[in-house]
$ cat upload_17.pdb   # PDB, C-alpha atoms
ATOM      1  CA  MET A 959       0.000   0.000   0.000  1.00  0.00           C
ATOM      2  CA  GLY A 960       1.261   3.359  -0.926  1.00  0.00           C
ATOM      3  CA  LYS A 961       1.006   6.590   0.964  1.00  0.00           C
ATOM      4  CA  PHE A 962      -0.620   9.553  -0.619  1.00  0.00           C
ATOM      5  CA  LYS A 963       1.309  12.684  -0.059  1.00  0.00           C
ATOM      6  CA  ARG A 964      -0.018  16.107  -0.842  1.00  0.00           C
ATOM      7  CA  SER A 965       2.414  18.543  -2.207  1.00  0.00           C
ATOM      8  CA  GLU A 966       0.552  21.686  -1.067  1.00  0.00           C
ATOM      9  CA  ARG A 967      -0.724  22.578   2.383  1.00  0.00           C
ATOM     10  CA  ARG A 968      -4.425  22.688   2.754  1.00  0.00           C
ATOM     11  CA  GLU A 969      -5.826  25.936   4.235  1.00  0.00           C
ATOM     12  CA  VAL A 970      -9.114  26.507   5.984  1.00  0.00           C
ATOM     13  CA  PRO A 971     -11.474  28.395   3.678  1.00  0.00           C
ATOM     14  CA  PRO A 972     -12.524  31.872   4.885  1.00  0.00           C
ATOM     15  CA  LEU A 973     -15.731  32.140   6.888  1.00  0.00           C
ATOM     16  CA  ASN A 974     -18.673  33.424   4.896  1.00  0.00           C
ATOM     17  CA  THR A 975     -20.086  36.420   6.794  1.00  0.00           C
ATOM     18  CA  SER A 976     -22.524  37.623   4.159  1.00  0.00           C
ATOM     19  CA  SER A 977     -25.582  36.648   6.263  1.00  0.00           C
ATOM     20  CA  LEU A 978     -24.233  38.183   9.487  1.00  0.00           C
ATOM     21  CA  PRO A 979     -25.937  41.610   9.021  1.00  0.00           C
ATOM     22  CA  ASP A 980     -29.281  39.874   8.467  1.00  0.00           C
ATOM     23  CA  LEU A 981     -28.844  37.935  11.679  1.00  0.00           C
ATOM     24  CA  ILE A 982     -27.863  41.041  13.644  1.00  0.00           C
ATOM     25  CA  PHE A 983     -30.849  43.050  12.377  1.00  0.00           C
ATOM     26  CA  THR A 984     -33.176  40.147  13.130  1.00  0.00           C
ATOM     27  CA  LEU A 985     -31.948  40.063  16.727  1.00  0.00           C
ATOM     28  CA  LEU A 986     -32.183  43.848  16.975  1.00  0.00           C
ATOM     29  CA  PHE A 987     -35.797  43.850  15.789  1.00  0.00           C
ATOM     30  CA  PHE A 988     -36.647  40.977  18.121  1.00  0.00           C
ATOM     31  CA  PHE A 989     -35.347  42.840  21.176  1.00  0.00           C
ATOM     32  CA  MET A 990     -36.968  46.105  20.089  1.00  0.00           C
ATOM     33  CA  ILE A 991     -40.349  44.409  19.765  1.00  0.00           C
ATOM     34  CA  THR A 992     -40.230  42.323  22.934  1.00  0.00           C
ATOM     35  CA  THR A 993     -38.779  44.982  25.239  1.00  0.00           C
ATOM     36  CA  SER A 994     -41.291  47.285  26.837  1.00  0.00           C
ATOM     37  CA  MET A 995     -40.326  50.546  28.428  1.00  0.00           C
ATOM     38  CA  LYS A 996     -42.366  51.624  31.389  1.00  0.00           C
ATOM     39  CA  GLU A 997     -43.714  54.962  30.336  1.00  0.00           C
ATOM     40  CA  MET A 998     -45.482  56.744  33.151  1.00  0.00           C
ATOM     41  CA  PRO A 999     -46.709  60.306  32.877  1.00  0.00           C
ATOM     42  CA  LEU A1000     -45.672  62.540  35.749  1.00  0.00           C
ATOM     43  CA  MET A1001     -48.852  64.119  37.074  1.00  0.00           C
ATOM     44  CA  VAL A1002     -47.232  66.239  39.802  1.00  0.00           C
ATOM     45  CA  ASP A1003     -44.686  69.017  39.565  1.00  0.00           C
ATOM     46  CA  ILE A1004     -41.379  68.012  41.154  1.00  0.00           C
ATOM     47  CA  ASP A1005     -38.436  70.283  41.876  1.00  0.00           C
ATOM     48  CA  PRO A1006     -36.249  67.963  43.974  1.00  0.00           C
ATOM     49  CA  PRO A1007     -34.095  69.358  46.773  1.00  0.00           C
ATOM     50  CA  THR A1008     -30.322  69.474  46.375  1.00  0.00           C
ATOM     51  CA  ALA A1009     -28.022  67.169  48.303  1.00  0.00           C
ATOM     52  CA  THR A1010     -24.299  66.685  48.822  1.00  0.00           C
ATOM     53  CA  GLU A1011     -24.119  62.948  49.544  1.00  0.00           C
ATOM     54  CA  LEU A1012     -25.831  61.005  46.764  1.00  0.00           C
ATOM     55  CA  THR A1013     -25.780  57.297  45.962  1.00  0.00           C
ATOM     56  CA  LYS A1014     -26.851  55.832  42.643  1.00  0.00           C
ATOM     57  CA  LEU A1015     -29.486  53.110  42.964  1.00  0.00           C
ATOM     58  CA  GLU A1016     -28.509  49.727  41.555  1.00  0.00           C
ATOM     59  CA  LYS A1017     -31.561  47.646  40.655  1.00  0.00           C
ATOM     60  CA  LYS A1018     -34.163  50.098  39.451  1.00  0.00           C
ATOM     61  CA  SER A1019     -36.650  47.318  38.709  1.00  0.00           C
ATOM     62  CA  LEU A1020     -37.039  46.759  42.462  1.00  0.00           C
ATOM     63  CA  ILE A1021     -37.874  50.404  43.173  1.00  0.00           C
ATOM     64  CA  THR A1022     -41.385  51.759  43.555  1.00  0.00           C
ATOM     65  CA  TYR A1023     -41.612  55.518  43.141  1.00  0.00           C
ATOM     66  CA  LEU A1024     -43.896  57.762  45.163  1.00  0.00           C
ATOM     67  CA  TYR A1025     -44.123  61.293  43.752  1.00  0.00           C
ATOM     68  CA  ILE A1026     -45.313  64.053  46.070  1.00  0.00           C
ATOM     69  CA  GLY A1027     -46.041  67.521  44.739  1.00  0.00           C
ATOM     70  CA  LYS A1028     -48.622  69.871  43.308  1.00  0.00           C
ATOM     71  CA  PRO A1029     -50.677  68.526  40.384  1.00  0.00           C
ATOM     72  CA  THR A1030     -49.771  69.790  36.915  1.00  0.00           C
ATOM     73  CA  GLY A1031     -51.887  71.071  34.018  1.00  0.00           C
ATOM     74  CA  TYR A1032     -55.214  69.306  33.682  1.00  0.00           C
ATOM     75  CA  TYR A1033     -54.905  67.711  37.114  1.00  0.00           C
ATOM     76  CA  ALA A1034     -54.340  71.089  38.776  1.00  0.00           C
ATOM     77  CA  GLN A1035     -57.613  72.369  37.306  1.00  0.00           C
ATOM     78  CA  LYS A1036     -59.434  69.236  38.399  1.00  0.00           C
ATOM     79  CA  LEU A1037     -57.886  68.660  41.849  1.00  0.00           C
ATOM     80  CA  GLY A1038     -56.616  72.059  42.936  1.00  0.00           C
ATOM     81  CA  ASP A1039     -53.109  72.994  43.994  1.00  0.00           C
ATOM     82  CA  GLU A1040     -52.746  70.972  47.201  1.00  0.00           C
ATOM     83  CA  ASN A1041     -49.890  68.475  47.380  1.00  0.00           C
ATOM     84  CA  ARG A1042     -50.851  65.051  46.070  1.00  0.00           C
ATOM     85  CA  ILE A1043     -49.227  61.615  46.118  1.00  0.00           C
ATOM     86  CA  GLN A1044     -48.762  59.802  42.810  1.00  0.00           C
ATOM     87  CA  LEU A1045     -48.072  56.068  42.677  1.00  0.00           C
ATOM     88  CA  ASN A1046     -47.489  54.732  39.170  1.00  0.00           C
ATOM     89  CA  ASP A1047     -50.108  56.469  37.031  1.00  0.00           C
ATOM     90  CA  LYS A1048     -52.731  57.380  39.627  1.00  0.00           C
ATOM     91  CA  PHE A1049     -53.220  59.648  42.605  1.00  0.00           C
ATOM     92  CA  ILE A1050     -53.625  58.037  46.004  1.00  0.00           C
ATOM     93  CA  ASP A1051     -54.483  59.419  49.421  1.00  0.00           C
ATOM     94  CA  GLU A1052     -52.362  58.973  52.522  1.00  0.00           C
ATOM     95  CA  SER A1053     -54.897  56.433  53.771  1.00  0.00           C
ATOM     96  CA  ASP A1054     -54.452  54.314  50.599  1.00  0.00           C
ATOM     97  CA  ILE A1055     -50.653  54.103  50.719  1.00  0.00           C
ATOM     98  CA  GLU A1056     -50.543  51.037  52.959  1.00  0.00           C
ATOM     99  CA  ARG A1057     -52.969  49.021  50.807  1.00  0.00           C
ATOM    100  CA  GLU A1058     -51.366  50.074  47.510  1.00  0.00           C
ATOM    101  CA  MET A1059     -47.837  49.272  48.690  1.00  0.00           C
ATOM    102  CA  ILE A1060     -48.924  45.812  49.832  1.00  0.00           C
ATOM    103  CA  ARG A1061     -50.403  45.329  46.354  1.00  0.00           C
ATOM    104  CA  GLU A1062     -47.135  46.528  44.732  1.00  0.00           C
ATOM    105  CA  ARG A1063     -45.101  44.077  46.814  1.00  0.00           C
ATOM    106  CA  ALA A1064     -47.452  41.198  45.946  1.00  0.00           C
ATOM    107  CA  ALA A1065     -47.046  41.975  42.227  1.00  0.00           C
ATOM    108  CA  MET A1066     -43.271  41.420  42.441  1.00  0.00           C
ATOM    109  CA  LYS A1067     -41.541  38.079  42.133  1.00  0.00           C
ATOM    110  CA  GLU A1068     -41.391  36.335  45.488  1.00  0.00           C
ATOM    111  CA  GLU A1069     -37.586  36.242  45.601  1.00  0.00           C
ATOM    112  CA  ASN A1070     -37.419  40.024  44.997  1.00  0.00           C
ATOM    113  CA  GLN A1071     -40.034  41.090  47.534  1.00  0.00           C
ATOM    114  CA  GLY A1072     -37.496  41.393  50.357  1.00  0.00           C
ATOM    115  CA  TYR A1073     -35.358  43.749  48.246  1.00  0.00           C
ATOM    116  CA  MET A1074     -38.149  46.174  47.376  1.00  0.00           C
ATOM    117  CA  GLN A1075     -37.265  49.821  47.859  1.00  0.00           C
ATOM    118  CA  VAL A1076     -39.562  52.827  47.930  1.00  0.00           C
ATOM    119  CA  SER A1077     -38.196  56.048  46.512  1.00  0.00           C
ATOM    120  CA  ILE A1078     -39.914  59.227  47.625  1.00  0.00           C
ATOM    121  CA  LYS A1079     -39.548  61.957  45.024  1.00  0.00           C
ATOM    122  CA  ALA A1080     -40.944  65.031  46.695  1.00  0.00           C
ATOM    123  CA  ASP A1081     -40.993  68.650  45.633  1.00  0.00           C
ATOM    124  CA  ARG A1082     -38.748  70.883  47.718  1.00  0.00           C
ATOM    125  CA  GLY A1083     -41.792  72.927  48.804  1.00  0.00           C
ATOM    126  CA  THR A1084     -43.687  69.907  50.127  1.00  0.00           C
ATOM    127  CA  GLU A1085     -44.723  70.166  53.754  1.00  0.00           C
ATOM    128  CA  MET A1086     -43.060  67.678  56.060  1.00  0.00           C
ATOM    129  CA  GLY A1087     -46.432  66.491  57.397  1.00  0.00           C
ATOM    130  CA  ILE A1088     -47.371  64.665  54.194  1.00  0.00           C
ATOM    131  CA  ILE A1089     -43.902  63.080  53.981  1.00  0.00           C
ATOM    132  CA  THR A1090     -44.093  61.936  57.610  1.00  0.00           C
ATOM    133  CA  ALA A1091     -47.570  60.479  57.051  1.00  0.00           C
ATOM    134  CA  THR A1092     -46.260  58.697  53.947  1.00  0.00           C
ATOM    135  CA  LYS A1093     -43.343  57.225  55.903  1.00  0.00           C
ATOM    136  CA  GLU A1094     -45.685  56.007  58.670  1.00  0.00           C
ATOM    137  CA  ALA A1095     -47.940  54.319  56.106  1.00  0.00           C
ATOM    138  CA  LEU A1096     -44.882  52.677  54.530  1.00  0.00           C
ATOM    139  CA  LYS A1097     -43.822  51.357  57.936  1.00  0.00           C
ATOM    140  CA  ARG A1098     -47.284  49.878  58.517  1.00  0.00           C
ATOM    141  CA  SER A1099     -47.074  48.093  55.149  1.00  0.00           C
ATOM    142  CA  ASN A1100     -43.622  46.723  56.115  1.00  0.00           C
ATOM    143  CA  ASN A1101     -41.741  48.778  53.505  1.00  0.00           C
ATOM    144  CA  LEU A1102     -38.779  49.785  55.610  1.00  0.00           C
ATOM    145  CA  ASN A1103     -36.269  50.405  52.821  1.00  0.00           C
ATOM    146  CA  ILE A1104     -37.030  54.030  51.925  1.00  0.00           C
ATOM    147  CA  VAL A1105     -34.815  56.269  49.838  1.00  0.00           C
ATOM    148  CA  TYR A1106     -35.229  59.941  49.009  1.00  0.00           C
ATOM    149  CA  SER A1107     -34.531  61.309  45.558  1.00  0.00           C
ATOM    150  CA  ALA A1108     -32.569  64.520  45.232  1.00  0.00           C
ATOM    151  CA  ARG A1109     -30.363  66.236  42.732  1.00  0.00           C
ATOM    152  CA  GLY A1110     -26.709  66.990  43.185  1.00  0.00           C
ATOM    153  CA  ARG A1111     -25.421  70.517  43.677  1.00  0.00           C
ATOM    154  CA  GLY A1112     -23.991  70.650  40.166  1.00  0.00           C
ATOM    155  CA  ASN A1113     -27.277  69.651  38.450  1.00  0.00           C
TER     156      ASN A1113
END

$ encode --input "upload_17.pdb" --output "structure tokens"
Amino acid sequence: MGKFKRSERREVPPLNTSSLPDLIFTLLFFFMITTSMKEMPLMVDIDPPTATELTKLEKKSLITYLYIGKPTGYYAQKLGDENRIQLNDKFIDESDIEREMIRERAAMKEENQGYMQVSIKADRGTEMGIITATKEALKRSNNLNIVYSARGRGN
């Protein structure tokens, strides 16, 4: 039996990348269609206070925002200019905070419920009484991880 010997070295043919842009655009369109951005209209006017010591929040999906301020535009005509509390896309009263926060916690995945944070975004002119009442209602609903939103001095 004889051995076959090749006189030239065999090279690997180049990879055909002509379909790569199609694949990338397909993935891009898939993620654009399946991703939903939470778009919530702000119904209260917020001018946050300034602060010197700020910390950036890590997991924003675990944060529930409470906005406290005077209603804007249409809502000001309808409700007046008293400070109101906005949770998601509706106004709630101080007496409803406890029930609504329990509902928000129940809507989260069970493993994330212990990491839930409540961010209070209040206008700088908001009276402390409504913020204190909000904090008391959060304590009653067992939401003890409360953060306050502010802007830095340079902003």

$ atom_distance --input "upload_17.pdb" --atom1 "atom CA of Leu1102 of chain A" --atom2 "atom CA of Glu1069 of chain A"
16.9 Å

$ closest_residue --input "upload_17.pdb" --among "A:Ile1043, A:Gln1075, A:Glu969, A:Pro979" --to "Lys1018 of chain A" --atoms "only C-alpha atoms"
A:Gln1075

$ resolve_selection --input "upload_17.pdb" --expression "the PyMOL selection byres ((chain A and resi 1003-1012) around 9)" --output "PyMOL selection string"
chain A and resi 1000-1002+1013-1014+1025-1030+1079-1083+1107-1113

$ residues_near_point --input "upload_17.pdb" --point "(-53.0, 54.8, 46.2)" --cutoff "12 Å" --atoms "only C-alpha atoms" --output "PyMOL selection string"
chain A and resi 1023-1025+1042-1062+1092+1095-1096

$ closest_residue --input "upload_17.pdb" --among "A:Leu978, A:Ile1078, A:Asn1070, A:Phe988" --to "Val1105 of chain A" --atoms "all atoms listed in the file"
A:Ile1078

$ closest_residue --input "upload_17.pdb" --among "A:Gln1071, A:Ser1019, A:Ser1099, A:Thr1090" --to "Met995 of chain A" --atoms "only C-alpha atoms"
A:Ser1019

$ atom_distance --input "upload_17.pdb" --atom1 "atom CA of Ser1077 of chain A" --atom2 "atom CA of Ile1021 of chain A"
6.6 Å

$ atom_distance --input "upload_17.pdb" --atom1 "atom CA of Leu981 of chain A" --atom2 "atom CA of Thr993 of chain A"
18.2 Å

$ decode --input "upload_17.pdb" --residues "segment 1095-1111 of chain A" --atoms "all heavy atoms" --output "PDB file, in the first residue's frame"
ATOM      1  N   ALA A1095     -47.154  55.303  56.858  1.00  0.00           N
ATOM      2  CA  ALA A1095     -47.940  54.319  56.106  1.00  0.00           C
ATOM      3  C   ALA A1095     -47.022  53.255  55.506  1.00  0.00           C
ATOM      4  O   ALA A1095     -47.388  52.074  55.445  1.00  0.00           O
ATOM      5  CB  ALA A1095     -48.739  55.010  55.014  1.00  0.00           C
ATOM      6  N   LEU A1096     -45.838  53.650  55.067  1.00  0.00           N
ATOM      7  CA  LEU A1096     -44.882  52.677  54.530  1.00  0.00           C
ATOM      8  C   LEU A1096     -44.407  51.727  55.617  1.00  0.00           C
ATOM      9  O   LEU A1096     -44.224  50.527  55.369  1.00  0.00           O
ATOM     10  CB  LEU A1096     -43.698  53.401  53.884  1.00  0.00           C
ATOM     11  CG  LEU A1096     -43.999  54.140  52.586  1.00  0.00           C
ATOM     12  CD1 LEU A1096     -42.812  54.981  52.154  1.00  0.00           C
ATOM     13  CD2 LEU A1096     -44.402  53.169  51.494  1.00  0.00           C
ATOM     14  N   LYS A1097     -44.215  52.227  56.828  1.00  0.00           N
ATOM     15  CA  LYS A1097     -43.822  51.357  57.936  1.00  0.00           C
ATOM     16  C   LYS A1097     -44.914  50.338  58.243  1.00  0.00           C
ATOM     17  O   LYS A1097     -44.632  49.170  58.487  1.00  0.00           O
ATOM     18  CB  LYS A1097     -43.541  52.185  59.196  1.00  0.00           C
ATOM     19  CG  LYS A1097     -42.236  52.912  59.164  1.00  0.00           C
ATOM     20  CD  LYS A1097     -42.057  53.701  60.447  1.00  0.00           C
ATOM     21  CE  LYS A1097     -40.874  54.622  60.373  1.00  0.00           C
ATOM     22  NZ  LYS A1097     -40.748  55.468  61.572  1.00  0.00           N
ATOM     23  N   ARG A1098     -46.172  50.791  58.230  1.00  0.00           N
ATOM     24  CA  ARG A1098     -47.284  49.878  58.517  1.00  0.00           C
ATOM     25  C   ARG A1098     -47.398  48.794  57.451  1.00  0.00           C
ATOM     26  O   ARG A1098     -47.833  47.686  57.753  1.00  0.00           O
ATOM     27  CB  ARG A1098     -48.598  50.656  58.626  1.00  0.00           C
ATOM     28  CG  ARG A1098     -48.725  51.484  59.888  1.00  0.00           C
ATOM     29  CD  ARG A1098     -50.141  52.002  60.072  1.00  0.00           C
ATOM     30  NE  ARG A1098     -50.624  52.793  58.955  1.00  0.00           N
ATOM     31  CZ  ARG A1098     -50.460  54.115  58.821  1.00  0.00           C
ATOM     32  NH1 ARG A1098     -49.810  54.792  59.754  1.00  0.00           N
ATOM     33  NH2 ARG A1098     -50.938  54.747  57.779  1.00  0.00           N
ATOM     34  N   SER A1099     -47.000  49.096  56.222  1.00  0.00           N
ATOM     35  CA  SER A1099     -47.074  48.093  55.149  1.00  0.00           C
ATOM     36  C   SER A1099     -45.782  47.289  55.042  1.00  0.00           C
ATOM     37  O   SER A1099     -45.587  46.554  54.087  1.00  0.00           O
ATOM     38  CB  SER A1099     -47.379  48.768  53.816  1.00  0.00           C
ATOM     39  OG  SER A1099     -46.316  49.609  53.428  1.00  0.00           O
ATOM     40  N   ASN A1100     -44.887  47.452  56.023  1.00  0.00           N
ATOM     41  CA  ASN A1100     -43.622  46.723  56.115  1.00  0.00           C
ATOM     42  C   ASN A1100     -42.665  47.048  54.968  1.00  0.00           C
ATOM     43  O   ASN A1100     -41.923  46.199  54.516  1.00  0.00           O
ATOM     44  CB  ASN A1100     -43.863  45.218  56.212  1.00  0.00           C
ATOM     45  CG  ASN A1100     -42.674  44.506  56.805  1.00  0.00           C
ATOM     46  OD1 ASN A1100     -41.862  45.105  57.504  1.00  0.00           O
ATOM     47  ND2 ASN A1100     -42.545  43.222  56.514  1.00  0.00           N
ATOM     48  N   ASN A1101     -42.702  48.275  54.487  1.00  0.00           N
ATOM     49  CA  ASN A1101     -41.741  48.778  53.505  1.00  0.00           C
ATOM     50  C   ASN A1101     -40.765  49.669  54.261  1.00  0.00           C
ATOM     51  O   ASN A1101     -40.976  50.867  54.396  1.00  0.00           O
ATOM     52  CB  ASN A1101     -42.439  49.564  52.393  1.00  0.00           C
ATOM     53  CG  ASN A1101     -43.185  48.673  51.464  1.00  0.00           C
ATOM     54  OD1 ASN A1101     -42.601  47.830  50.820  1.00  0.00           O
ATOM     55  ND2 ASN A1101     -44.504  48.830  51.421  1.00  0.00           N
ATOM     56  N   LEU A1102     -39.703  49.061  54.747  1.00  0.00           N
ATOM     57  CA  LEU A1102     -38.779  49.785  55.610  1.00  0.00           C
ATOM     58  C   LEU A1102     -37.571  50.318  54.863  1.00  0.00           C
ATOM     59  O   LEU A1102     -36.779  51.057  55.427  1.00  0.00           O
ATOM     60  CB  LEU A1102     -38.336  48.868  56.757  1.00  0.00           C
ATOM     61  CG  LEU A1102     -39.483  48.269  57.580  1.00  0.00           C
ATOM     62  CD1 LEU A1102     -38.938  47.308  58.623  1.00  0.00           C
ATOM     63  CD2 LEU A1102     -40.314  49.366  58.223  1.00  0.00           C
ATOM     64  N   ASN A1103     -37.394  49.939  53.617  1.00  0.00           N
ATOM     65  CA  ASN A1103     -36.269  50.405  52.821  1.00  0.00           C
ATOM     66  C   ASN A1103     -36.720  51.601  51.992  1.00  0.00           C
ATOM     67  O   ASN A1103     -37.225  51.452  50.877  1.00  0.00           O
ATOM     68  CB  ASN A1103     -35.752  49.271  51.931  1.00  0.00           C
ATOM     69  CG  ASN A1103     -34.369  49.535  51.425  1.00  0.00           C
ATOM     70  OD1 ASN A1103     -33.829  50.620  51.600  1.00  0.00           O
ATOM     71  ND2 ASN A1103     -33.799  48.540  50.780  1.00  0.00           N
ATOM     72  N   ILE A1104     -36.545  52.792  52.544  1.00  0.00           N
ATOM     73  CA  ILE A1104     -37.030  54.030  51.925  1.00  0.00           C
ATOM     74  C   ILE A1104     -35.829  54.870  51.527  1.00  0.00           C
ATOM     75  O   ILE A1104     -34.902  55.054  52.315  1.00  0.00           O
ATOM     76  CB  ILE A1104     -37.925  54.822  52.910  1.00  0.00           C
ATOM     77  CG1 ILE A1104     -39.094  53.956  53.362  1.00  0.00           C
ATOM     78  CG2 ILE A1104     -38.420  56.107  52.266  1.00  0.00           C
ATOM     79  CD1 ILE A1104     -39.902  54.561  54.499  1.00  0.00           C
ATOM     80  N   VAL A1105     -35.861  55.368  50.305  1.00  0.00           N
ATOM     81  CA  VAL A1105     -34.815  56.269  49.838  1.00  0.00           C
ATOM     82  C   VAL A1105     -35.483  57.565  49.372  1.00  0.00           C
ATOM     83  O   VAL A1105     -36.650  57.580  48.999  1.00  0.00           O
ATOM     84  CB  VAL A1105     -33.975  55.654  48.690  1.00  0.00           C
ATOM     85  CG1 VAL A1105     -33.211  54.444  49.162  1.00  0.00           C
ATOM     86  CG2 VAL A1105     -34.841  55.292  47.512  1.00  0.00           C
ATOM     87  N   TYR A1106     -34.724  58.645  49.433  1.00  0.00           N
ATOM     88  CA  TYR A1106     -35.229  59.941  49.009  1.00  0.00           C
ATOM     89  C   TYR A1106     -34.460  60.389  47.783  1.00  0.00           C
ATOM     90  O   TYR A1106     -33.237  60.282  47.731  1.00  0.00           O
ATOM     91  CB  TYR A1106     -35.036  60.983  50.122  1.00  0.00           C
ATOM     92  CG  TYR A1106     -35.803  60.632  51.372  1.00  0.00           C
ATOM     93  CD1 TYR A1106     -35.197  59.952  52.415  1.00  0.00           C
ATOM     94  CD2 TYR A1106     -37.138  60.954  51.496  1.00  0.00           C
ATOM     95  CE1 TYR A1106     -35.893  59.607  53.558  1.00  0.00           C
ATOM     96  CE2 TYR A1106     -37.861  60.619  52.627  1.00  0.00           C
ATOM     97  CZ  TYR A1106     -37.221  59.950  53.659  1.00  0.00           C
ATOM     98  OH  TYR A1106     -37.928  59.614  54.764  1.00  0.00           O
ATOM     99  N   SER A1107     -35.170  60.853  46.793  1.00  0.00           N
ATOM    100  CA  SER A1107     -34.531  61.309  45.558  1.00  0.00           C
ATOM    101  C   SER A1107     -34.197  62.782  45.685  1.00  0.00           C
ATOM    102  O   SER A1107     -34.999  63.578  46.199  1.00  0.00           O
ATOM    103  CB  SER A1107     -35.453  61.090  44.375  1.00  0.00           C
ATOM    104  OG  SER A1107     -35.699  59.723  44.199  1.00  0.00           O
ATOM    105  N   ALA A1108     -33.027  63.134  45.220  1.00  0.00           N
ATOM    106  CA  ALA A1108     -32.569  64.520  45.232  1.00  0.00           C
ATOM    107  C   ALA A1108     -31.661  64.731  44.035  1.00  0.00           C
ATOM    108  O   ALA A1108     -31.283  63.794  43.345  1.00  0.00           O
ATOM    109  CB  ALA A1108     -31.818  64.824  46.533  1.00  0.00           C
ATOM    110  N   ARG A1109     -31.317  65.955  43.795  1.00  0.00           N
ATOM    111  CA  ARG A1109     -30.363  66.236  42.732  1.00  0.00           C
ATOM    112  C   ARG A1109     -29.083  66.766  43.356  1.00  0.00           C
ATOM    113  O   ARG A1109     -29.110  67.363  44.443  1.00  0.00           O
ATOM    114  CB  ARG A1109     -30.961  67.197  41.718  1.00  0.00           C
ATOM    115  CG  ARG A1109     -30.732  68.633  42.045  1.00  0.00           C
ATOM    116  CD  ARG A1109     -31.200  69.532  40.955  1.00  0.00           C
ATOM    117  NE  ARG A1109     -32.082  70.488  41.606  1.00  0.00           N
ATOM    118  CZ  ARG A1109     -33.070  71.088  41.053  1.00  0.00           C
ATOM    119  NH1 ARG A1109     -33.347  70.859  39.812  1.00  0.00           N
ATOM    120  NH2 ARG A1109     -33.787  71.915  41.720  1.00  0.00           N
ATOM    121  N   GLY A1110     -27.983  66.527  42.682  1.00  0.00           N
ATOM    122  CA  GLY A1110     -26.709  66.990  43.185  1.00  0.00           C
ATOM    123  C   GLY A1110     -26.564  68.501  43.043  1.00  0.00           C
ATOM    124  O   GLY A1110     -27.314  69.147  42.317  1.00  0.00           O
ATOM    125  N   ARG A1111     -25.604  69.070  43.715  1.00  0.00           N
ATOM    126  CA  ARG A1111     -25.421  70.517  43.677  1.00  0.00           C
ATOM    127  C   ARG A1111     -25.059  71.023  42.290  1.00  0.00           C
ATOM    128  O   ARG A1111     -25.398  72.123  41.932  1.00  0.00           O
ATOM    129  CB  ARG A1111     -24.350  70.933  44.671  1.00  0.00           C
ATOM    130  CG  ARG A1111     -24.802  70.762  46.093  1.00  0.00           C
ATOM    131  CD  ARG A1111     -23.825  71.458  47.025  1.00  0.00           C
ATOM    132  NE  ARG A1111     -24.159  71.135  48.391  1.00  0.00           N
ATOM    133  CZ  ARG A1111     -24.795  71.981  49.190  1.00  0.00           C
ATOM    134  NH1 ARG A1111     -25.154  73.150  48.762  1.00  0.00           N
ATOM    135  NH2 ARG A1111     -25.068  71.622  50.421  1.00  0.00           N
TER     136      ARG A1111
END
